[in-house]
>>> print(open('target05.pdb').read())   # PDB, C-alpha atoms, pLDDT in the B column
ATOM      1  CA  MET E 734       2.022  19.976 -81.992  1.00 55.00           C
ATOM      2  CA  LYS E 735       0.789  19.913 -78.411  1.00 56.00           C
ATOM      3  CA  THR E 736      -2.596  18.457 -77.607  1.00 62.00           C
ATOM      4  CA  LYS E 737      -5.293  20.385 -75.719  1.00 58.00           C
ATOM      5  CA  ARG E 738      -4.623  18.267 -72.639  1.00 59.00           C
ATOM      6  CA  GLU E 739      -0.915  19.112 -72.755  1.00 54.00           C
ATOM      7  CA  LEU E 740      -1.692  22.816 -73.174  1.00 52.00           C
ATOM      8  CA  LYS E 741      -4.086  22.724 -70.204  1.00 61.00           C
ATOM      9  CA  THR E 742      -1.503  20.905 -68.086  1.00 64.00           C
ATOM     10  CA  GLY E 743       1.161  23.450 -69.043  1.00 57.00           C
ATOM     11  CA  ALA E 744      -1.182  26.317 -68.198  1.00 59.00           C
ATOM     12  CA  LYS E 745      -1.967  24.794 -64.797  1.00 62.00           C
ATOM     13  CA  ILE E 746       1.739  24.375 -64.029  1.00 66.00           C
ATOM     14  CA  ALA E 747       2.407  27.992 -65.046  1.00 58.00           C
ATOM     15  CA  ILE E 748      -0.434  29.238 -62.847  1.00 63.00           C
ATOM     16  CA  LEU E 749       0.758  27.184 -59.871  1.00 59.00           C
ATOM     17  CA  LEU E 750       4.327  28.409 -60.338  1.00 59.00           C
ATOM     18  CA  ALA E 751       3.162  32.027 -60.568  1.00 57.00           C
ATOM     19  CA  ALA E 752       1.051  31.580 -57.424  1.00 55.00           C
ATOM     20  CA  PHE E 753       4.010  30.044 -55.567  1.00 51.00           C
ATOM     21  CA  LEU E 754       6.308  32.903 -56.575  1.00 50.00           C
ATOM     22  CA  LEU E 755       3.674  35.438 -55.533  1.00 54.00           C
ATOM     23  CA  ILE E 756       3.279  33.806 -52.121  1.00 56.00           C
ATOM     24  CA  LEU E 757       7.061  33.625 -51.736  1.00 48.00           C
ATOM     25  CA  GLY E 758       7.385  37.308 -52.666  1.00 48.00           C
ATOM     26  CA  CYS E 759       4.664  38.326 -50.210  1.00 46.00           C
ATOM     27  CA  ALA E 760       6.276  36.277 -47.428  1.00 47.00           C
ATOM     28  CA  PHE E 761       9.650  37.921 -48.095  1.00 42.00           C
ATOM     29  CA  PHE E 762       8.059  41.389 -48.117  1.00 49.00           C
ATOM     30  CA  ILE E 763       6.348  40.709 -44.780  1.00 51.00           C
ATOM     31  CA  TYR E 764       9.611  39.373 -43.338  1.00 47.00           C
ATOM     32  CA  VAL E 765      11.737  42.370 -44.321  1.00 44.00           C
ATOM     33  CA  SER E 766       9.017  44.867 -43.384  1.00 50.00           C
ATOM     34  CA  ASP E 767       9.252  43.804 -39.744  1.00 48.00           C
ATOM     35  CA  TYR E 768      12.481  45.387 -38.533  1.00 47.00           C
ATOM     36  CA  SER E 769      13.867  47.339 -35.600  1.00 59.00           C
ATOM     37  CA  HIS E 770      13.563  51.089 -36.061  1.00 64.00           C
ATOM     38  CA  ALA E 771      15.867  53.812 -34.815  1.00 69.00           C
ATOM     39  CA  ASP E 772      14.469  55.559 -31.748  1.00 69.00           C
ATOM     40  CA  GLU E 773      14.257  59.256 -30.985  1.00 75.00           C
ATOM     41  CA  ALA E 774      17.538  59.117 -29.052  1.00 74.00           C
ATOM     42  CA  ALA E 775      19.406  58.224 -32.235  1.00 71.00           C
ATOM     43  CA  ILE E 776      17.865  61.129 -34.109  1.00 69.00           C
ATOM     44  CA  ALA E 777      18.520  63.562 -31.250  1.00 74.00           C
ATOM     45  CA  ALA E 778      22.144  62.429 -30.988  1.00 69.00           C
ATOM     46  CA  ALA E 779      22.701  63.075 -34.683  1.00 68.00           C
ATOM     47  CA  VAL E 780      21.233  66.558 -34.483  1.00 66.00           C
ATOM     48  CA  SER E 781      23.211  67.544 -31.394  1.00 74.00           C
ATOM     49  CA  ALA E 782      26.599  66.333 -32.660  1.00 72.00           C
ATOM     50  CA  THR E 783      27.749  69.723 -33.913  1.00 77.00           C
ATOM     51  CA  ASP E 784      31.437  68.739 -33.727  1.00 86.00           C
ATOM     52  CA  ILE E 785      30.960  65.983 -36.328  1.00 93.00           C
ATOM     53  CA  HIS E 786      30.078  66.636 -39.948  1.00 93.00           C
ATOM     54  CA  ILE E 787      27.369  64.199 -41.025  1.00 92.00           C
ATOM     55  CA  SER E 788      26.654  63.730 -44.720  1.00 93.00           C
ATOM     56  CA  ASN E 789      25.124  61.207 -47.100  1.00 92.00           C
ATOM     57  CA  SER E 790      27.236  59.502 -49.746  1.00 91.00           C
ATOM     58  CA  ASP E 791      25.963  56.782 -52.072  1.00 91.00           C
ATOM     59  CA  GLY E 792      23.363  55.568 -49.605  1.00 92.00           C
ATOM     60  CA  ALA E 793      25.583  55.738 -46.524  1.00 96.00           C
ATOM     61  CA  LEU E 794      25.825  58.178 -43.639  1.00 96.00           C
ATOM     62  CA  VAL E 795      29.346  59.528 -43.260  1.00 97.00           C
ATOM     63  CA  PHE E 796      30.488  60.835 -39.872  1.00 96.00           C
ATOM     64  CA  ASP E 797      33.554  62.990 -40.456  1.00 96.00           C
ATOM     65  CA  PRO E 798      35.577  64.375 -37.541  1.00 96.00           C
ATOM     66  CA  GLY E 799      37.940  66.157 -39.930  1.00 94.00           C
ATOM     67  CA  ASN E 800      41.538  65.240 -40.797  1.00 92.00           C
ATOM     68  CA  ALA E 801      41.054  61.550 -40.003  1.00 97.00           C
ATOM     69  CA  ASP E 802      43.531  58.959 -41.254  1.00 97.00           C
ATOM     70  CA  THR E 803      41.548  55.996 -39.896  1.00 98.00           C
ATOM     71  CA  ALA E 804      38.085  54.903 -41.020  1.00 98.00           C
ATOM     72  CA  LEU E 805      35.498  52.294 -40.088  1.00 98.00           C
ATOM     73  CA  ILE E 806      32.818  50.997 -42.444  1.00 98.00           C
ATOM     74  CA  PHE E 807      30.118  49.555 -40.211  1.00 98.00           C
ATOM     75  CA  TYR E 808      27.558  47.037 -41.485  1.00 98.00           C
ATOM     76  CA  PRO E 809      24.204  47.265 -39.621  1.00 96.00           C
ATOM     77  CA  GLY E 810      22.643  44.234 -37.994  1.00 94.00           C
ATOM     78  CA  GLY E 811      20.008  42.183 -39.783  1.00 90.00           C
ATOM     79  CA  LYS E 812      16.590  43.817 -39.876  1.00 87.00           C
ATOM     80  CA  VAL E 813      17.819  46.871 -37.964  1.00 92.00           C
ATOM     81  CA  GLU E 814      17.344  50.367 -39.363  1.00 92.00           C
ATOM     82  CA  TYR E 815      20.814  51.662 -40.124  1.00 94.00           C
ATOM     83  CA  THR E 816      20.212  55.031 -38.453  1.00 93.00           C
ATOM     84  CA  ALA E 817      19.889  53.194 -35.126  1.00 92.00           C
ATOM     85  CA  TYR E 818      23.697  53.091 -35.074  1.00 94.00           C
ATOM     86  CA  GLU E 819      24.142  56.850 -35.369  1.00 92.00           C
ATOM     87  CA  PRO E 820      24.971  57.394 -31.662  1.00 91.00           C
ATOM     88  CA  LEU E 821      27.712  54.735 -31.806  1.00 93.00           C
ATOM     89  CA  MET E 822      29.158  56.181 -35.024  1.00 94.00           C
ATOM     90  CA  ILE E 823      29.149  59.673 -33.541  1.00 93.00           C
ATOM     91  CA  LYS E 824      30.990  58.495 -30.416  1.00 92.00           C
ATOM     92  CA  LEU E 825      33.640  56.839 -32.568  1.00 95.00           C
ATOM     93  CA  ALA E 826      33.919  59.868 -34.839  1.00 96.00           C
ATOM     94  CA  GLN E 827      34.476  62.043 -31.776  1.00 94.00           C
ATOM     95  CA  GLN E 828      37.570  59.896 -31.181  1.00 95.00           C
ATOM     96  CA  GLY E 829      38.926  60.951 -34.571  1.00 96.00           C
ATOM     97  CA  ILE E 830      37.677  58.022 -36.680  1.00 98.00           C
ATOM     98  CA  LEU E 831      35.845  58.602 -39.949  1.00 98.00           C
ATOM     99  CA  CYS E 832      32.764  56.364 -39.790  1.00 98.00           C
ATOM    100  CA  ILE E 833      30.714  55.161 -42.734  1.00 98.00           C
ATOM    101  CA  LEU E 834      27.306  53.593 -42.108  1.00 98.00           C
ATOM    102  CA  PRO E 835      25.801  52.022 -45.267  1.00 97.00           C
ATOM    103  CA  LYS E 836      22.078  51.519 -45.703  1.00 96.00           C
ATOM    104  CA  MET E 837      21.636  47.874 -46.663  1.00 96.00           C
ATOM    105  CA  PRO E 838      18.998  46.552 -49.082  1.00 93.00           C
ATOM    106  CA  PHE E 839      16.011  45.331 -47.078  1.00 89.00           C
ATOM    107  CA  ASN E 840      18.090  46.051 -43.926  1.00 91.00           C
ATOM    108  CA  LEU E 841      20.059  42.869 -44.608  1.00 93.00           C
ATOM    109  CA  ALA E 842      23.820  43.133 -45.204  1.00 95.00           C
ATOM    110  CA  VAL E 843      23.812  39.776 -46.964  1.00 94.00           C
ATOM    111  CA  PHE E 844      22.463  41.604 -50.031  1.00 95.00           C
ATOM    112  CA  ASN E 845      25.476  43.945 -50.218  1.00 96.00           C
ATOM    113  CA  ILE E 846      28.490  42.209 -48.708  1.00 97.00           C
ATOM    114  CA  ASN E 847      30.845  44.281 -50.860  1.00 97.00           C
ATOM    115  CA  ALA E 848      29.424  47.622 -49.759  1.00 97.00           C
ATOM    116  CA  ALA E 849      32.867  48.678 -48.522  1.00 98.00           C
ATOM    117  CA  ASP E 850      34.146  48.711 -52.097  1.00 97.00           C
ATOM    118  CA  THR E 851      31.875  51.672 -52.812  1.00 97.00           C
ATOM    119  CA  TYR E 852      33.432  53.882 -50.147  1.00 97.00           C
ATOM    120  CA  ILE E 853      37.123  53.011 -49.830  1.00 97.00           C
ATOM    121  CA  PRO E 854      38.043  54.703 -53.147  1.00 96.00           C
ATOM    122  CA  GLN E 855      36.171  57.870 -52.117  1.00 96.00           C
ATOM    123  CA  PHE E 856      38.588  58.652 -49.282  1.00 96.00           C
ATOM    124  CA  PRO E 857      42.177  58.402 -50.583  1.00 96.00           C
ATOM    125  CA  GLU E 858      43.416  60.315 -47.540  1.00 96.00           C
ATOM    126  CA  ILE E 859      42.519  57.376 -45.272  1.00 98.00           C
ATOM    127  CA  THR E 860      45.522  55.127 -44.636  1.00 97.00           C
ATOM    128  CA  HIS E 861      43.977  52.737 -42.069  1.00 98.00           C
ATOM    129  CA  TRP E 862      40.749  50.986 -43.052  1.00 98.00           C
ATOM    130  CA  TYR E 863      38.587  48.840 -40.789  1.00 98.00           C
ATOM    131  CA  VAL E 864      35.296  47.078 -41.431  1.00 98.00           C
ATOM    132  CA  GLY E 865      32.916  45.847 -38.805  1.00 97.00           C
ATOM    133  CA  GLY E 866      29.322  45.242 -37.984  1.00 97.00           C
ATOM    134  CA  HIS E 867      26.665  44.104 -35.594  1.00 96.00           C
ATOM    135  CA  SER E 868      25.179  40.598 -35.648  1.00 94.00           C
ATOM    136  CA  LEU E 869      24.517  39.583 -39.284  1.00 94.00           C
ATOM    137  CA  GLY E 870      26.306  42.756 -40.384  1.00 96.00           C
ATOM    138  CA  GLY E 871      29.422  41.655 -38.536  1.00 96.00           C
ATOM    139  CA  SER E 872      29.399  38.249 -40.190  1.00 96.00           C
ATOM    140  CA  MET E 873      29.049  39.864 -43.606  1.00 97.00           C
ATOM    141  CA  ALA E 874      31.860  42.307 -42.798  1.00 98.00           C
ATOM    142  CA  ALA E 875      34.014  39.318 -41.831  1.00 97.00           C
ATOM    143  CA  SER E 876      33.166  37.661 -45.144  1.00 97.00           C
ATOM    144  CA  TYR E 877      34.252  40.826 -46.942  1.00 98.00           C
ATOM    145  CA  ALA E 878      37.443  41.020 -44.886  1.00 97.00           C
ATOM    146  CA  ALA E 879      38.351  37.431 -45.731  1.00 96.00           C
ATOM    147  CA  LYS E 880      38.398  38.284 -49.442  1.00 96.00           C
ATOM    148  CA  ASN E 881      39.858  41.787 -49.162  1.00 97.00           C
ATOM    149  CA  SER E 882      42.375  41.619 -46.332  1.00 95.00           C
ATOM    150  CA  GLU E 883      44.948  43.509 -48.413  1.00 96.00           C
ATOM    151  CA  LYS E 884      42.726  46.608 -48.275  1.00 96.00           C
ATOM    152  CA  LEU E 885      42.129  46.472 -44.534  1.00 98.00           C
ATOM    153  CA  GLU E 886      43.904  46.802 -41.254  1.00 97.00           C
ATOM    154  CA  GLY E 887      41.260  45.233 -39.056  1.00 97.00           C
ATOM    155  CA  LEU E 888      37.802  43.901 -38.316  1.00 98.00           C
ATOM    156  CA  ILE E 889      35.388  44.719 -35.490  1.00 97.00           C
ATOM    157  CA  LEU E 890      32.669  42.242 -34.527  1.00 97.00           C
ATOM    158  CA  LEU E 891      29.839  43.462 -32.337  1.00 95.00           C
ATOM    159  CA  ALA E 892      27.714  40.571 -31.006  1.00 93.00           C
ATOM    160  CA  SER E 893      28.788  38.640 -34.056  1.00 94.00           C
ATOM    161  CA  TYR E 894      31.197  36.004 -35.326  1.00 93.00           C
ATOM    162  CA  SER E 895      33.053  35.080 -38.496  1.00 95.00           C
ATOM    163  CA  ALA E 896      32.016  32.092 -40.561  1.00 92.00           C
ATOM    164  CA  SER E 897      34.986  32.844 -42.832  1.00 94.00           C
ATOM    165  CA  ASP E 898      38.509  31.672 -42.002  1.00 95.00           C
ATOM    166  CA  LEU E 899      40.641  34.671 -41.019  1.00 96.00           C
ATOM    167  CA  SER E 900      43.041  32.712 -38.840  1.00 94.00           C
ATOM    168  CA  GLN E 901      46.028  33.175 -41.173  1.00 93.00           C
ATOM    169  CA  SER E 902      45.412  36.841 -41.933  1.00 95.00           C
ATOM    170  CA  ASP E 903      47.311  39.777 -40.479  1.00 94.00           C
ATOM    171  CA  LEU E 904      44.098  41.587 -39.591  1.00 97.00           C
ATOM    172  CA  LYS E 905      43.614  43.085 -36.164  1.00 97.00           C
ATOM    173  CA  VAL E 906      40.324  41.719 -34.848  1.00 97.00           C
ATOM    174  CA  LEU E 907      38.231  42.978 -31.950  1.00 96.00           C
ATOM    175  CA  SER E 908      35.214  40.895 -30.903  1.00 96.00           C
ATOM    176  CA  ILE E 909      32.713  42.284 -28.392  1.00 92.00           C
ATOM    177  CA  PHE E 910      29.483  40.850 -27.005  1.00 89.00           C
ATOM    178  CA  GLY E 911      27.347  41.380 -23.943  1.00 85.00           C
ATOM    179  CA  SER E 912      27.246  38.736 -21.230  1.00 78.00           C
ATOM    180  CA  ARG E 913      23.440  39.039 -21.162  1.00 76.00           C
ATOM    181  CA  ASP E 914      22.983  38.986 -24.926  1.00 76.00           C
ATOM    182  CA  GLY E 915      19.878  36.913 -25.573  1.00 74.00           C
ATOM    183  CA  VAL E 916      20.104  37.001 -29.378  1.00 75.00           C
ATOM    184  CA  LEU E 917      23.670  35.957 -30.198  1.00 82.00           C
ATOM    185  CA  ASN E 918      24.065  32.211 -30.748  1.00 80.00           C
ATOM    186  CA  ILE E 919      26.760  31.718 -28.134  1.00 86.00           C
ATOM    187  CA  ASP E 920      27.563  28.168 -29.299  1.00 86.00           C
ATOM    188  CA  SER E 921      28.236  29.410 -32.833  1.00 85.00           C
ATOM    189  CA  TYR E 922      30.247  32.277 -31.388  1.00 89.00           C
ATOM    190  CA  HIS E 923      32.573  29.967 -29.458  1.00 87.00           C
ATOM    191  CA  SER E 924      32.867  27.374 -32.227  1.00 90.00           C
ATOM    192  CA  SER E 925      33.872  30.072 -34.727  1.00 91.00           C
ATOM    193  CA  ARG E 926      36.658  31.540 -32.578  1.00 93.00           C
ATOM    194  CA  SER E 927      39.131  29.344 -34.454  1.00 94.00           C
ATOM    195  CA  ASN E 928      38.321  31.349 -37.600  1.00 95.00           C
ATOM    196  CA  LEU E 929      39.924  34.433 -36.055  1.00 95.00           C
ATOM    197  CA  PRO E 930      43.636  35.213 -35.764  1.00 94.00           C
ATOM    198  CA  ALA E 931      45.186  33.733 -32.618  1.00 92.00           C
ATOM    199  CA  ASP E 932      45.909  37.181 -31.219  1.00 92.00           C
ATOM    200  CA  PHE E 933      42.401  38.619 -31.668  1.00 93.00           C
ATOM    201  CA  SER E 934      41.085  40.815 -28.840  1.00 92.00           C
ATOM    202  CA  GLU E 935      37.914  40.031 -26.956  1.00 86.00           C
TER     203      GLU E 935
END
>>> encode(input="target05.pdb", output="structure tokens")
Amino acid sequence: MKTKRELKTGAKIAILLAAFLLILGCAFFIYVSDYSHADEAAIAAAVSATDIHISNSDGALVFDPGNADTALIFYPGGKVEYTAYEPLMIKLAQQGILCILPKMPFNLAVFNINAADTYIPQFPEITHWYVGGHSLGGSMAASYAAKNSEKLEGLILLASYSASDLSQSDLKVLSIFGSRDGVLNIDSYHSSRSNLPADFSE
């Protein structure tokens, strides 16, 4: 049987632990609440794209040009509202590519790395699948690709890099970044190039 002192000590520890978890939860909420929003241009582009059918499927925007055999599942960048990528998805869809833009939990793709698994089975007519993403989204797409290369034909990295080893895969990889990009860790970008297939495009 516990003494009164032991009970008081246990109660204090429980209170301190609860307070720590509450502070941690509040800090996380504040962190994820501060994110980049889509601007009016993104919304206007979506409305004006009458040649592309835009729908919502399982939490993702689907940009369907009609009769596509190639598709891209694009993971948004960390703490970026997924609708901010609508203009890019529309431009790609106008080139005949079915584009799928998932909404990530807390705007962080790290919480749903396997998002692609939700959508690939929904489009059996697609014979060429690509995944890609911007910044953190690109890294998470690369992580998915490393474990699911048999389902994919390629990977697209936008201001991003792969921390996963894809060097022995048969994936087609395209890596793009801006020369004036002030966010991308350029040292990590260059050091991770060895994780990509030798014939990747840049």
>>> atom_distance(input="target05.pdb", atom1="atom CA of Leu907 of chain E", atom2="atom CA of Asn789 of chain E")
27.1 Å
>>> closest_residue(input="target05.pdb", among="E:Ile806, E:Ala775, E:Ala826, E:Val813", to="Phe839 of chain E", atoms="all atoms listed in the file")
E:Val813
>>> residues_near_point(input="target05.pdb", point="(31.0, 61.0, -40.6)", cutoff="6 Å", atoms="all atoms listed in the file", output="NGL selection string")
:E and (786-787 or 795-797 or 831-832)
>>> closest_residue(input="target05.pdb", among="E:Gly810, E:Glu773, E:Ser895, E:Lys880", to="Ser921 of chain E", atoms="all atoms listed in the file")
E:Ser895
>>> closest_residue(input="target05.pdb", among="E:Leu869, E:Ala931, E:Ala777, E:Leu904", to="Glu886 of chain E", atoms="all atoms listed in the file")
E:Leu904
>>> atom_distance(input="target05.pdb", atom1="atom CA of Lys836 of chain E", atom2="atom CA of Thr860 of chain E")
23.7 Å
>>> closest_residue(input="target05.pdb", among="E:Ser781, E:Gly887, E:Gly870, E:Ile846", to="Glu814 of chain E", atoms="only C-alpha atoms")
E:Gly870
